[in-house]
Amino acid sequence: MLFIRLEPSIRLAVMISVLLTWLFLDSMLVRSRPVLQFCDTRVNYTNGSNYQTNLRQLLSPLPARGSNTGFYQGTAGSGFDRVFGLVQCSGDVSADVCRSCINRTSTEITRICANQREAALRYDECLLHYADWRFFSQLNMEKLSFRNPQNVSADPVPFGKKVSDLLYNLSGVAATQPSLFATGMTSYSDTLKIYGLVQCTQDMVNSDCLRCLQNFVTQIPDCCNGSQGAQVLGLSCNLRYEIHPFYQISQRTLPPANNSRRKGNNLSSKIVPIIAAIIGVILVLVAGIFIWILKRKQALRIKADAIDGEEIRKAEVLLYDLGTLRSATGNFSDENKLGQGGFGPVYKGKLSNGQEVAVKMLSRSSGQGIQELKNEVILLAKLQHVNLVRLLGCCLDEQEKMLVYEYVPNSSLDKFLFDDTKRLQLDWERRFRIICGIARGLLYLHRDSRLRIIHRDLKAGNILLDTDMNPKISDFGLAKLFGSEATHNNTSRIAGTYGYMAPEYAKNGVFSTKSDVFSFGVLVLEIVMGRKNSSFSESEDSTNLLSYAWNHWNKGTMTEMIDTSMHYYHPSEALRCIQIGLLCVQDDSSLRPFMSDVVFMLDGRSVGIPAPSKPAFFVAQNAEKEDGSLDDSVFRIGDSDKNSIRQPVNDSVNEMSITEFYPR
């Protein structure tokens with residue numbers, strides 16, 4: 001009521017004062033907020049648990065240990081509840097500032113990311129990252145970029161080139177320093193200078209540090225071209241540039257402010273600095289508000305919740321611009337085309353740094369779409385294993401959707417295994433190594449990764465071979481993410497490739513890790529035999545691969561199944577693989593082994609391997625048609641003829657990939 005009765009001019013002054021006070025306080029809050037935060041909401045710990053105790057034990061000494069050298073990594077606890085932690089301060093701050101930042105961050109991280117088993121906070125002065133897995137020295141190129149809303153008056157193109165040159169040079173310097181840190185300045189003109197700072201976490205090897213920083217530099221033209229300043233932040237490295245000195249090393253060289261009150265100073269010498277300071281504060285506050293809004297919007301991109309088309313941008317992978325990929329692939333020339341899949345064409349490319357890549361383009365007429373692309377980005381961004389293909393990034397420019405992978409030179413397994421000439425390169429040693437590598441990759445997906453993944457489309461065409469013919473599982477467009485306690489799930493829309501599908505999935509849409517085990521079993525038998533599961537004709541004694549293998553198992557003539565193109569093979573290993581393959585394709589999913597058991601048996605550590613029961617999709621000869629005549633073109637699910645379910649099959653259907661057209 002008192003405010004309403006005030007004079008309009010006084011009321012306006014009060015409102016302005018309140019507004020300025022609010023802006024000032026808000027700017028203080030902006031500076032106290034982290035510039036990057038990552039809270040992995042998928043896996044939590046409970047209050048009072050061993051993990052929480054270990055986390056507290058890890059965080060408690062961090063301010064003292066981290067401020068000594070500016071970097072510290074350590075662990076607490078053991079087993080499943082072991083916590084791995086890393087803290088690093090910016091290379092330009094003092095030990096006191098470092099200690100203060102770590103102290104604040106170690107307190108804030110358990111509040112902002114309450115009960116999360118993995119989290120990270122980055123302030124301008126320090127970074128803290130902890131997790132329930134050993135992430136030390138693991139290159140992570142997930143990033144966020146922020147730009148100063150003010151643009152330079154200079155031409156943005158040459159200015160941007162000057163920025164890139166500075167940051168590239170600093171990256172090379174930092175990668176050779178023990179601190180993995182560098183700052184520097186370059187002159188754009190007589191009146192305009194550019195200041196830069198780059199840093200990697202000190203657990204990174206020099207080559208990974210350089211790779212991380214140079215990849216971050218490539219983000220500057222896309223996000224911040226012509227801006228007066230920008231930051232690109234990640235968990236393994238970060239960089240920043242401004243047109244004013246912002247790092248502490250430069251600020252320490254400035255003369256201290258003179259606060260003495262001297263007689264004889266004229267009025268203007270006192271008022272002008274005050275007015276200038278007020279104007280500067282107002283400009284900083286306005287800029288701070290814009291930057292805070294931008295940070296609030298972009299901070300959401302660090303999460304990977306499946307919501308809409310923007311999800312790809314939140315998947316924490318490198319974003320390539322279309323021009324870079326056009327240049328790398330010769331404008332997607334036919335000479336660089338590696339193949340054509342259900343997703344679209346795949347091209348070989350070479351980036352400006354010499355790295356070879358494979359670019360998979362989403363065809364606009366493709367049956368697969370944005371959902372499959374999002375699925376693959378989100379999953380592969382979190383997975384790292386020698387037997388999984390590595391996703392480098394993606395491109396979303398000009399309505400184009402592309403995935404960028406490491407280049408695997410020997411194409412896919414089916415190109416060798418089912419080619420009469422190339423199959424000769426697959427001797428038994430290589431085939432057995434391929435089988436074991438696929439098994440270890442699946443075990444990682446099912447049990448050992450941070451996520452629990454069901455691939456759902458494991459087949460020879462989705463196994464890539466590197467220079468040494470080591471296998472890498474690829475194509476995660478149909479993969480499913482499982483909770484840690486889930487054992488199975490189901491869908492009403494079947495997706496995958498006939499011939500590799502488990503019966504419970506093909507019939508009822510029920511899938512689990514045992515679905516992948518079934519597909520693995522089919523793949524093992526194909527590798528041993530050197531034949532497609534769809535290559536059997538009516539002139540043979542069986543109508544598909546599984547019935548062929550089962551008939552030879554019953555007759556005790558399994559050696560007749562082994563590919564005759566191999567001049568030599570290890571009999572015990574080959575027969576063991578056949579038996580493991582038959583165990584994996586059993587009709588009853590509960591009888592199939594887990595991938596941990598498969599790896600154990602392949603290693604030869606298992607004393608005895610159980611005998612398999614009849615496989616799923618076993619084709620009994622002389623099956624009856626509905627009119628009572630005989631028909632060999634039926635496959636049966638289950639052991640009992642009277643309980644079997646019949647479905648028509650033709651050979652070509654084994655080559656068909658079925659895609660869900662709706663979010664899964």
# chains A, B, ... in the order shown; residues from 1 in each chain; ligands from 1
$ closest_atom_pairs --of "range 22-131 of chain A" --to "range 142-151 of chain A" --cutoff "12 Å" --atoms "only C-alpha atoms" --output "CSV"
residue,atom,partner,partner_atom,distance
A:Val35,CA,A:Phe146,CA,9.2
A:Leu36,CA,A:Leu144,CA,7.7
A:Gln37,CA,A:Leu144,CA,10.0
A:Phe38,CA,A:Glu142,CA,10.7
A:Arg122,CA,A:Leu144,CA,11.4
$ write_last_selection --atoms "C-alpha atoms" --output "PDB file, in the first residue's frame"
ATOM      1  CA  VAL A  35      28.894 -24.104 -16.897  1.00  0.00           C
ATOM      2  CA  LEU A  36      28.365 -27.822 -17.569  1.00  0.00           C
ATOM      3  CA  GLN A  37      26.535 -30.482 -15.619  1.00  0.00           C
ATOM      4  CA  PHE A  38      25.930 -34.134 -16.393  1.00  0.00           C
ATOM      5  CA  ARG A 122      32.354 -28.091 -14.523  1.00  0.00           C
TER       6      ARG A 122
END
$ select_by_dssp --residues "range 49-86 of chain A" --states "strand (DSSP E)" --output "number ranges by chain"
A: 71-76, 83-86
$ write_last_selection --atoms "all heavy atoms" --output "PDB file, in the first residue's frame"
ATOM      1  N   PHE A  71      45.360 -31.346 -10.144  1.00  0.00           N
ATOM      2  CA  PHE A  71      44.768 -32.548 -10.728  1.00  0.00           C
ATOM      3  C   PHE A  71      44.897 -33.701  -9.748  1.00  0.00           C
ATOM      4  O   PHE A  71      45.917 -33.863  -9.077  1.00  0.00           O
ATOM      5  CB  PHE A  71      45.467 -32.922 -12.035  1.00  0.00           C
ATOM      6  CG  PHE A  71      44.985 -34.228 -12.622  1.00  0.00           C
ATOM      7  CD1 PHE A  71      43.814 -34.286 -13.343  1.00  0.00           C
ATOM      8  CD2 PHE A  71      45.714 -35.406 -12.431  1.00  0.00           C
ATOM      9  CE1 PHE A  71      43.365 -35.489 -13.879  1.00  0.00           C
ATOM     10  CE2 PHE A  71      45.275 -36.606 -12.963  1.00  0.00           C
ATOM     11  CZ  PHE A  71      44.102 -36.640 -13.681  1.00  0.00           C
ATOM     12  N   TYR A  72      43.827 -34.517  -9.683  1.00  0.00           N
ATOM     13  CA  TYR A  72      43.869 -35.708  -8.837  1.00  0.00           C
ATOM     14  C   TYR A  72      42.841 -36.704  -9.351  1.00  0.00           C
ATOM     15  O   TYR A  72      41.722 -36.335  -9.755  1.00  0.00           O
ATOM     16  CB  TYR A  72      43.561 -35.362  -7.386  1.00  0.00           C
ATOM     17  CG  TYR A  72      43.456 -36.577  -6.489  1.00  0.00           C
ATOM     18  CD1 TYR A  72      44.588 -37.251  -6.039  1.00  0.00           C
ATOM     19  CD2 TYR A  72      42.206 -37.074  -6.115  1.00  0.00           C
ATOM     20  CE1 TYR A  72      44.490 -38.373  -5.247  1.00  0.00           C
ATOM     21  CE2 TYR A  72      42.098 -38.198  -5.320  1.00  0.00           C
ATOM     22  CZ  TYR A  72      43.247 -38.854  -4.883  1.00  0.00           C
ATOM     23  OH  TYR A  72      43.137 -39.970  -4.100  1.00  0.00           O
ATOM     24  N   GLN A  73      43.209 -37.973  -9.361  1.00  0.00           N
ATOM     25  CA  GLN A  73      42.254 -39.037  -9.655  1.00  0.00           C
ATOM     26  C   GLN A  73      42.447 -40.146  -8.634  1.00  0.00           C
ATOM     27  O   GLN A  73      43.563 -40.410  -8.199  1.00  0.00           O
ATOM     28  CB  GLN A  73      42.422 -39.569 -11.073  1.00  0.00           C
ATOM     29  CG  GLN A  73      43.735 -40.276 -11.345  1.00  0.00           C
ATOM     30  CD  GLN A  73      43.840 -40.777 -12.787  1.00  0.00           C
ATOM     31  OE1 GLN A  73      43.201 -40.247 -13.676  1.00  0.00           O
ATOM     32  NE2 GLN A  73      44.643 -41.814 -12.988  1.00  0.00           N
ATOM     33  N   GLY A  74      41.356 -40.769  -8.251  1.00  0.00           N
ATOM     34  CA  GLY A  74      41.439 -41.815  -7.244  1.00  0.00           C
ATOM     35  C   GLY A  74      40.178 -42.648  -7.206  1.00  0.00           C
ATOM     36  O   GLY A  74      39.210 -42.393  -7.938  1.00  0.00           O
ATOM     37  N   THR A  75      40.166 -43.658  -6.344  1.00  0.00           N
ATOM     38  CA  THR A  75      39.015 -44.544  -6.206  1.00  0.00           C
ATOM     39  C   THR A  75      38.733 -44.765  -4.725  1.00  0.00           C
ATOM     40  O   THR A  75      39.574 -44.505  -3.859  1.00  0.00           O
ATOM     41  CB  THR A  75      39.277 -45.908  -6.870  1.00  0.00           C
ATOM     42  OG1 THR A  75      40.309 -46.595  -6.153  1.00  0.00           O
ATOM     43  CG2 THR A  75      39.696 -45.737  -8.318  1.00  0.00           C
ATOM     44  N   ALA A  76      37.530 -45.258  -4.462  1.00  0.00           N
ATOM     45  CA  ALA A  76      37.143 -45.631  -3.103  1.00  0.00           C
ATOM     46  C   ALA A  76      36.238 -46.846  -3.179  1.00  0.00           C
ATOM     47  O   ALA A  76      35.362 -46.930  -4.030  1.00  0.00           O
ATOM     48  CB  ALA A  76      36.423 -44.473  -2.408  1.00  0.00           C
ATOM     49  N   VAL A  83      33.879 -46.536  -6.531  1.00  0.00           N
ATOM     50  CA  VAL A  83      33.676 -45.218  -7.132  1.00  0.00           C
ATOM     51  C   VAL A  83      35.005 -44.720  -7.681  1.00  0.00           C
ATOM     52  O   VAL A  83      36.035 -44.774  -7.007  1.00  0.00           O
ATOM     53  CB  VAL A  83      33.127 -44.204  -6.106  1.00  0.00           C
ATOM     54  CG1 VAL A  83      32.761 -42.896  -6.808  1.00  0.00           C
ATOM     55  CG2 VAL A  83      31.914 -44.768  -5.384  1.00  0.00           C
ATOM     56  N   PHE A  84      34.976 -44.233  -8.927  1.00  0.00           N
ATOM     57  CA  PHE A  84      36.144 -43.650  -9.572  1.00  0.00           C
ATOM     58  C   PHE A  84      35.916 -42.143  -9.679  1.00  0.00           C
ATOM     59  O   PHE A  84      34.831 -41.701 -10.094  1.00  0.00           O
ATOM     60  CB  PHE A  84      36.348 -44.245 -10.964  1.00  0.00           C
ATOM     61  CG  PHE A  84      36.543 -45.738 -10.965  1.00  0.00           C
ATOM     62  CD1 PHE A  84      35.444 -46.594 -10.912  1.00  0.00           C
ATOM     63  CD2 PHE A  84      37.804 -46.296 -11.000  1.00  0.00           C
ATOM     64  CE1 PHE A  84      35.603 -47.969 -10.911  1.00  0.00           C
ATOM     65  CE2 PHE A  84      37.985 -47.669 -11.004  1.00  0.00           C
ATOM     66  CZ  PHE A  84      36.890 -48.509 -10.951  1.00  0.00           C
ATOM     67  N   GLY A  85      36.917 -41.355  -9.302  1.00  0.00           N
ATOM     68  CA  GLY A  85      36.738 -39.910  -9.310  1.00  0.00           C
ATOM     69  C   GLY A  85      37.939 -39.172  -9.867  1.00  0.00           C
ATOM     70  O   GLY A  85      39.083 -39.633  -9.752  1.00  0.00           O
ATOM     71  N   LEU A  86      37.672 -38.034 -10.481  1.00  0.00           N
ATOM     72  CA  LEU A  86      38.719 -37.195 -11.063  1.00  0.00           C
ATOM     73  C   LEU A  86      38.355 -35.746 -10.833  1.00  0.00           C
ATOM     74  O   LEU A  86      37.191 -35.352 -10.965  1.00  0.00           O
ATOM     75  CB  LEU A  86      38.844 -37.492 -12.555  1.00  0.00           C
ATOM     76  CG  LEU A  86      39.801 -36.657 -13.418  1.00  0.00           C
ATOM     77  CD1 LEU A  86      40.293 -37.502 -14.606  1.00  0.00           C
ATOM     78  CD2 LEU A  86      39.137 -35.389 -13.951  1.00  0.00           C
TER      79      LEU A  86
END
$ closest_residue --among "A:Leu213, A:Leu325, A:Leu383, A:Ala460" --to "Glu356 in chain A" --atoms "only C-alpha atoms"
A:Leu325
$ select_by_dssp --residues "range 461-602 of chain A" --states "helix (DSSP H, G or I)" --output "PyMOL selection string"
chain A and resi 461-462+503-508+513-529+545-555+558-561+571-584+589-591+595-602
$ closest_atom_pairs --of "range 433-527 of chain A" --to "range 552-573 of chain A" --cutoff "12 Å" --atoms "only C-alpha atoms" --output "JSON lines"
{"residue": "A:Arg433", "atom": "CA", "partner": "A:Glu573", "partner_atom": "CA", "distance": 11.1}
{"residue": "A:Ile435", "atom": "CA", "partner": "A:Glu573", "partner_atom": "CA", "distance": 11.1}
{"residue": "A:Cys436", "atom": "CA", "partner": "A:Glu573", "partner_atom": "CA", "distance": 11.3}
{"residue": "A:Val524", "atom": "CA", "partner": "A:Ile562", "partner_atom": "CA", "distance": 11.5}
{"residue": "A:Leu525", "atom": "CA", "partner": "A:Met561", "partner_atom": "CA", "distance": 9.0}
{"residue": "A:Glu526", "atom": "CA", "partner": "A:Asp563", "partner_atom": "CA", "distance": 9.4}
{"residue": "A:Ile527", "atom": "CA", "partner": "A:Asp563", "partner_atom": "CA", "distance": 8.5}
$ residues_around --residues "His129 in chain A" --least-positions-apart "2" --cutoff "8 Å" --atoms "only C-alpha atoms" --output "PyMOL selection string"
chain A and resi 85-87+118-121+127+131+235
$ write_last_selection --atoms "N, CA, C and O atoms" --output "compact mmCIF listing (two decimals), in the first residue's frame"
# COMPACT_ATOMS: atom_id res chain seq x y z
N GLY A 85 36.92 -41.35 -9.30
CA GLY A 85 36.74 -39.91 -9.31
C GLY A 85 37.94 -39.17 -9.87
O GLY A 85 39.08 -39.63 -9.75
N LEU A 86 37.67 -38.03 -10.48
CA LEU A 86 38.72 -37.20 -11.06
C LEU A 86 38.36 -35.75 -10.83
O LEU A 86 37.19 -35.35 -10.96
N VAL A 87 39.35 -34.94 -10.48
CA VAL A 87 39.15 -33.50 -10.31
C VAL A 87 40.32 -32.78 -10.96
O VAL A 87 41.46 -33.25 -10.91
N GLU A 118 26.73 -41.79 -11.62
CA GLU A 118 27.72 -41.06 -12.39
C GLU A 118 27.27 -39.62 -12.54
O GLU A 118 26.10 -39.35 -12.81
N ALA A 119 28.20 -38.70 -12.36
CA ALA A 119 27.88 -37.28 -12.47
C ALA A 119 29.15 -36.49 -12.75
O ALA A 119 30.26 -36.95 -12.47
N ALA A 120 28.96 -35.30 -13.31
CA ALA A 120 30.09 -34.40 -13.56
C ALA A 120 29.60 -32.97 -13.48
O ALA A 120 28.49 -32.66 -13.93
N LEU A 121 30.40 -32.09 -12.88
CA LEU A 121 30.14 -30.66 -12.84
C LEU A 121 31.40 -29.94 -13.29
O LEU A 121 32.50 -30.31 -12.89
N LEU A 127 36.82 -28.85 -12.69
CA LEU A 127 35.95 -29.94 -13.14
C LEU A 127 36.01 -31.07 -12.13
O LEU A 127 37.08 -31.40 -11.62
N ALA A 131 32.19 -41.72 -11.25
CA ALA A 131 31.36 -42.74 -11.89
C ALA A 131 31.61 -44.08 -11.22
O ALA A 131 32.54 -44.24 -10.43
N LEU A 235 34.15 -33.37 -21.02
CA LEU A 235 34.69 -34.03 -19.84
C LEU A 235 36.16 -34.42 -20.01
O LEU A 235 36.83 -34.71 -19.02
$ residues_around --residues "Thr176 in chain A" --least-positions-apart "2" --cutoff "10 Å" --atoms "only C-alpha atoms" --output "list in words"
Ser171, Gly172, Val173, Ala174, Pro178, Ser179, Leu180, Phe181, Ala182, Val205, Asn206, Ser207, Cys209 and Leu210 of chain A
$ atom_distance --atom1 "CA of Leu170 in chain A" --atom2 "CA of Thr324 in chain A"
22.2 Å
$ atom_distance --atom1 "CA of Lys382 in chain A" --atom2 "CA of Arg440 in chain A"
17.1 Å
$ atom_distance --atom1 "CA of Lys348 in chain A" --atom2 "CA of Asp475 in chain A"
16.5 Å
$ residues_around --residues "Arg104 in chain A" --least-positions-apart "3" --cutoff "12 Å" --atoms "only C-alpha atoms" --output "CSV table (one decimal) with all heavy atoms, in the first residue's frame"
chain,number,residue,atom,x,y,z
A,32,SER,N,27.8,-18.4,-10.0
A,32,SER,CA,27.9,-19.5,-9.1
A,32,SER,C,27.3,-20.8,-9.7
A,32,SER,O,27.4,-21.8,-9.1
A,32,SER,CB,27.1,-19.2,-7.8
A,32,SER,OG,25.7,-19.1,-8.0
A,33,ARG,N,26.7,-20.7,-10.9
A,33,ARG,CA,26.2,-21.9,-11.5
A,33,ARG,C,27.3,-22.6,-12.3
A,33,ARG,O,28.2,-22.0,-12.9
A,33,ARG,CB,25.0,-21.6,-12.4
A,33,ARG,CG,23.8,-21.1,-11.7
A,33,ARG,CD,22.6,-21.0,-12.7
A,33,ARG,NE,21.4,-20.4,-12.1
A,33,ARG,CZ,21.1,-19.2,-12.1
A,33,ARG,NH1,21.8,-18.3,-12.8
A,33,ARG,NH2,20.0,-18.8,-11.5
A,34,PRO,N,27.2,-24.0,-12.4
A,34,PRO,CA,28.2,-24.7,-13.2
A,34,PRO,C,28.0,-24.4,-14.7
A,34,PRO,O,26.8,-24.2,-15.1
A,34,PRO,CB,27.9,-26.2,-12.9
A,34,PRO,CG,26.5,-26.2,-12.4
A,34,PRO,CD,26.3,-24.9,-11.7
A,59,LEU,N,35.0,-38.0,-2.1
A,59,LEU,CA,34.9,-36.6,-2.3
A,59,LEU,C,35.5,-35.8,-1.1
A,59,LEU,O,36.0,-34.7,-1.3
A,59,LEU,CB,33.4,-36.2,-2.3
A,59,LEU,CG,32.6,-36.7,-3.6
A,59,LEU,CD1,31.1,-36.3,-3.5
A,59,LEU,CD2,33.2,-36.2,-4.9
A,60,SER,N,35.6,-36.4,0.1
A,60,SER,CA,36.0,-35.6,1.3
A,60,SER,C,37.4,-35.0,1.1
A,60,SER,O,37.6,-33.9,1.4
A,60,SER,CB,35.9,-36.5,2.5
A,60,SER,OG,36.4,-35.8,3.6
A,62,LEU,N,39.1,-34.4,-1.6
A,62,LEU,CA,39.4,-33.9,-2.9
A,62,LEU,C,40.0,-32.4,-2.9
A,62,LEU,O,40.9,-32.1,-3.6
A,62,LEU,CB,38.2,-34.0,-3.9
A,62,LEU,CG,37.9,-35.3,-4.5
A,62,LEU,CD1,36.7,-35.2,-5.4
A,62,LEU,CD2,39.1,-35.9,-5.2
A,63,PRO,N,39.4,-31.5,-2.1
A,63,PRO,CA,39.9,-30.1,-2.1
A,63,PRO,C,41.3,-30.0,-1.8
A,63,PRO,O,42.1,-29.3,-2.4
A,63,PRO,CB,39.0,-29.4,-1.1
A,63,PRO,CG,37.7,-30.2,-1.1
A,63,PRO,CD,38.1,-31.6,-1.3
A,97,VAL,N,42.2,-20.6,-5.2
A,97,VAL,CA,41.0,-20.6,-6.0
A,97,VAL,C,40.6,-22.0,-6.4
A,97,VAL,O,39.5,-22.4,-6.4
A,97,VAL,CB,41.2,-19.7,-7.3
A,97,VAL,CG1,40.1,-19.9,-8.3
A,97,VAL,CG2,41.4,-18.3,-6.9
A,98,CYS,N,41.6,-22.8,-6.7
A,98,CYS,CA,41.4,-24.2,-7.0
A,98,CYS,C,40.7,-24.9,-5.9
A,98,CYS,O,39.7,-25.6,-6.1
A,98,CYS,CB,42.7,-24.9,-7.4
A,98,CYS,SG,42.6,-26.6,-7.8
A,99,ARG,N,41.3,-24.8,-4.7
A,99,ARG,CA,40.7,-25.4,-3.5
A,99,ARG,C,39.3,-25.0,-3.2
A,99,ARG,O,38.4,-25.8,-2.9
A,99,ARG,CB,41.6,-25.1,-2.3
A,99,ARG,CG,41.1,-25.9,-1.0
A,99,ARG,CD,42.0,-25.5,0.2
A,99,ARG,NE,43.3,-26.0,0.0
A,99,ARG,CZ,44.3,-25.1,-0.2
A,99,ARG,NH1,44.1,-23.8,-0.3
A,99,ARG,NH2,45.6,-25.6,-0.4
A,100,SER,N,39.0,-23.7,-3.4
A,100,SER,CA,37.7,-23.2,-3.2
A,100,SER,C,36.7,-23.8,-4.2
A,100,SER,O,35.6,-24.1,-3.8
A,100,SER,CB,37.7,-21.7,-3.3
A,100,SER,OG,36.4,-21.1,-3.2
A,101,CYS,N,37.1,-23.8,-5.4
A,101,CYS,CA,36.2,-24.4,-6.5
A,101,CYS,C,35.9,-25.9,-6.2
A,101,CYS,O,34.8,-26.3,-6.3
A,101,CYS,CB,36.9,-24.2,-7.8
A,101,CYS,SG,35.8,-24.7,-9.2
A,107,THR,N,30.6,-30.4,-3.0
A,107,THR,CA,29.3,-30.2,-2.2
A,107,THR,C,28.1,-30.2,-3.1
A,107,THR,O,27.1,-30.8,-2.9
A,107,THR,CB,29.4,-29.0,-1.3
A,107,THR,OG1,30.5,-29.0,-0.5
A,107,THR,CG2,28.1,-28.8,-0.5
A,108,GLU,N,28.3,-29.4,-4.2
A,108,GLU,CA,27.2,-29.2,-5.1
A,108,GLU,C,26.8,-30.4,-5.9
A,108,GLU,O,25.6,-30.6,-6.3
A,108,GLU,CB,27.5,-28.0,-6.1
A,108,GLU,CG,27.4,-26.6,-5.5
A,108,GLU,CD,26.0,-26.2,-5.1
A,108,GLU,OE1,25.2,-26.0,-6.0
A,108,GLU,OE2,25.7,-26.3,-3.9
A,109,ILE,N,27.8,-31.2,-6.3
A,109,ILE,CA,27.5,-32.3,-7.2
A,109,ILE,C,26.5,-33.4,-6.6
A,109,ILE,O,25.7,-33.9,-7.3
A,109,ILE,CB,28.8,-33.0,-7.6
A,109,ILE,CG1,28.6,-33.9,-8.9
A,109,ILE,CG2,29.4,-33.9,-6.5
A,109,ILE,CD1,29.9,-34.3,-9.5
A,110,THR,N,26.6,-33.5,-5.2
A,110,THR,CA,25.7,-34.5,-4.6
A,110,THR,C,24.3,-33.9,-4.4
A,110,THR,O,23.3,-34.6,-4.1
A,110,THR,CB,26.2,-35.0,-3.2
A,110,THR,OG1,26.6,-33.8,-2.4
A,110,THR,CG2,27.5,-35.8,-3.4
A,111,ARG,N,24.2,-32.5,-4.5
A,111,ARG,CA,22.9,-31.9,-4.5
A,111,ARG,C,22.3,-31.8,-5.8
A,111,ARG,O,21.1,-32.2,-6.0
A,111,ARG,CB,23.1,-30.5,-3.9
A,111,ARG,CG,21.7,-29.7,-3.7
A,111,ARG,CD,21.9,-28.3,-3.3
A,111,ARG,NE,22.7,-27.5,-4.3
A,111,ARG,CZ,22.1,-26.9,-5.4
A,111,ARG,NH1,20.8,-27.1,-5.6
A,111,ARG,NH2,22.8,-26.2,-6.2
A,112,ILE,N,23.0,-31.4,-6.8
A,112,ILE,CA,22.5,-31.2,-8.2
A,112,ILE,C,22.2,-32.6,-8.8
A,112,ILE,O,21.2,-32.8,-9.5
A,112,ILE,CB,23.5,-30.4,-9.1
A,112,ILE,CG1,23.6,-29.0,-8.5
A,112,ILE,CG2,23.0,-30.4,-10.5
A,112,ILE,CD1,24.6,-28.1,-9.2
A,121,LEU,N,30.4,-32.1,-12.9
A,121,LEU,CA,30.1,-30.7,-12.8
A,121,LEU,C,31.4,-29.9,-13.3
A,121,LEU,O,32.5,-30.3,-12.9
A,121,LEU,CB,29.8,-30.2,-11.4
A,121,LEU,CG,28.4,-30.5,-10.8
A,121,LEU,CD1,28.2,-29.8,-9.5
A,121,LEU,CD2,27.3,-30.1,-11.8
A,122,ARG,N,31.2,-28.9,-14.1
A,122,ARG,CA,32.4,-28.1,-14.5
A,122,ARG,C,32.0,-26.6,-14.3
A,122,ARG,O,31.0,-26.1,-14.7
A,122,ARG,CB,32.7,-28.3,-16.0
A,122,ARG,CG,33.8,-27.4,-16.5
A,122,ARG,CD,34.1,-27.5,-18.0
A,122,ARG,NE,34.8,-28.7,-18.3
A,122,ARG,CZ,36.1,-28.9,-18.2
A,122,ARG,NH1,36.9,-28.0,-17.8
A,122,ARG,NH2,36.6,-30.1,-18.6
A,123,TYR,N,32.9,-26.0,-13.5
A,123,TYR,CA,32.8,-24.5,-13.4
A,123,TYR,C,34.0,-24.0,-14.2
A,123,TYR,O,34.8,-24.7,-14.7
A,123,TYR,CB,33.0,-24.1,-11.9
A,123,TYR,CG,31.8,-24.4,-11.1
A,123,TYR,CD1,31.6,-25.7,-10.5
A,123,TYR,CD2,30.8,-23.5,-10.8
A,123,TYR,CE1,30.5,-26.0,-9.7
A,123,TYR,CE2,29.7,-23.8,-10.1
A,123,TYR,CZ,29.6,-25.0,-9.5
A,123,TYR,OH,28.5,-25.3,-8.7
A,125,GLU,N,36.5,-22.6,-13.2
A,125,GLU,CA,37.8,-22.8,-12.5
A,125,GLU,C,38.2,-24.3,-12.3
A,125,GLU,O,39.3,-24.6,-12.0
A,125,GLU,CB,37.8,-22.1,-11.1
A,125,GLU,CG,37.6,-20.6,-11.1
A,125,GLU,CD,36.1,-20.2,-11.2
A,125,GLU,OE1,35.3,-21.1,-11.1
A,125,GLU,OE2,35.9,-19.0,-11.4
A,126,CYS,N,37.2,-25.2,-12.3
A,126,CYS,CA,37.5,-26.6,-12.1
A,126,CYS,C,36.4,-27.6,-12.6
A,126,CYS,O,35.3,-27.2,-13.0
A,126,CYS,CB,37.7,-26.9,-10.6
A,126,CYS,SG,36.1,-26.7,-9.6
A,127,LEU,N,36.8,-28.9,-12.7
A,127,LEU,CA,36.0,-29.9,-13.1
A,127,LEU,C,36.0,-31.1,-12.1
A,127,LEU,O,37.1,-31.4,-11.6
A,127,LEU,CB,36.4,-30.5,-14.5
A,127,LEU,CG,35.9,-31.8,-14.9
A,127,LEU,CD1,34.4,-31.8,-15.3
A,127,LEU,CD2,36.7,-32.4,-16.1
A,128,LEU,N,34.8,-31.7,-11.8
A,128,LEU,CA,34.8,-32.9,-11.0
A,128,LEU,C,33.9,-33.9,-11.7
A,128,LEU,O,32.8,-33.6,-12.2
A,128,LEU,CB,34.2,-32.6,-9.6
A,128,LEU,CG,34.4,-33.6,-8.5
A,128,LEU,CD1,34.2,-33.0,-7.1
A,128,LEU,CD2,33.3,-34.7,-8.7
$ decode --residues "range 382-393 of chain A" --atoms "C-alpha atoms" --output "CSV table (one decimal), in the first residue's frame"
chain,number,residue,atom,x,y,z
A,382,LYS,CA,27.8,-44.7,-24.6
A,383,LEU,CA,29.5,-47.9,-25.7
A,384,GLN,CA,33.2,-48.6,-26.1
A,385,HIS,CA,34.6,-52.1,-26.9
A,386,VAL,CA,37.1,-53.5,-29.3
A,387,ASN,CA,34.4,-55.7,-30.9
A,388,LEU,CA,31.9,-52.9,-31.4
A,389,VAL,CA,32.1,-50.4,-34.3
A,390,ARG,CA,33.0,-46.9,-32.9
A,391,LEU,CA,30.6,-44.0,-33.7
A,392,LEU,CA,32.5,-40.8,-34.2
A,393,GLY,CA,29.6,-38.4,-34.7
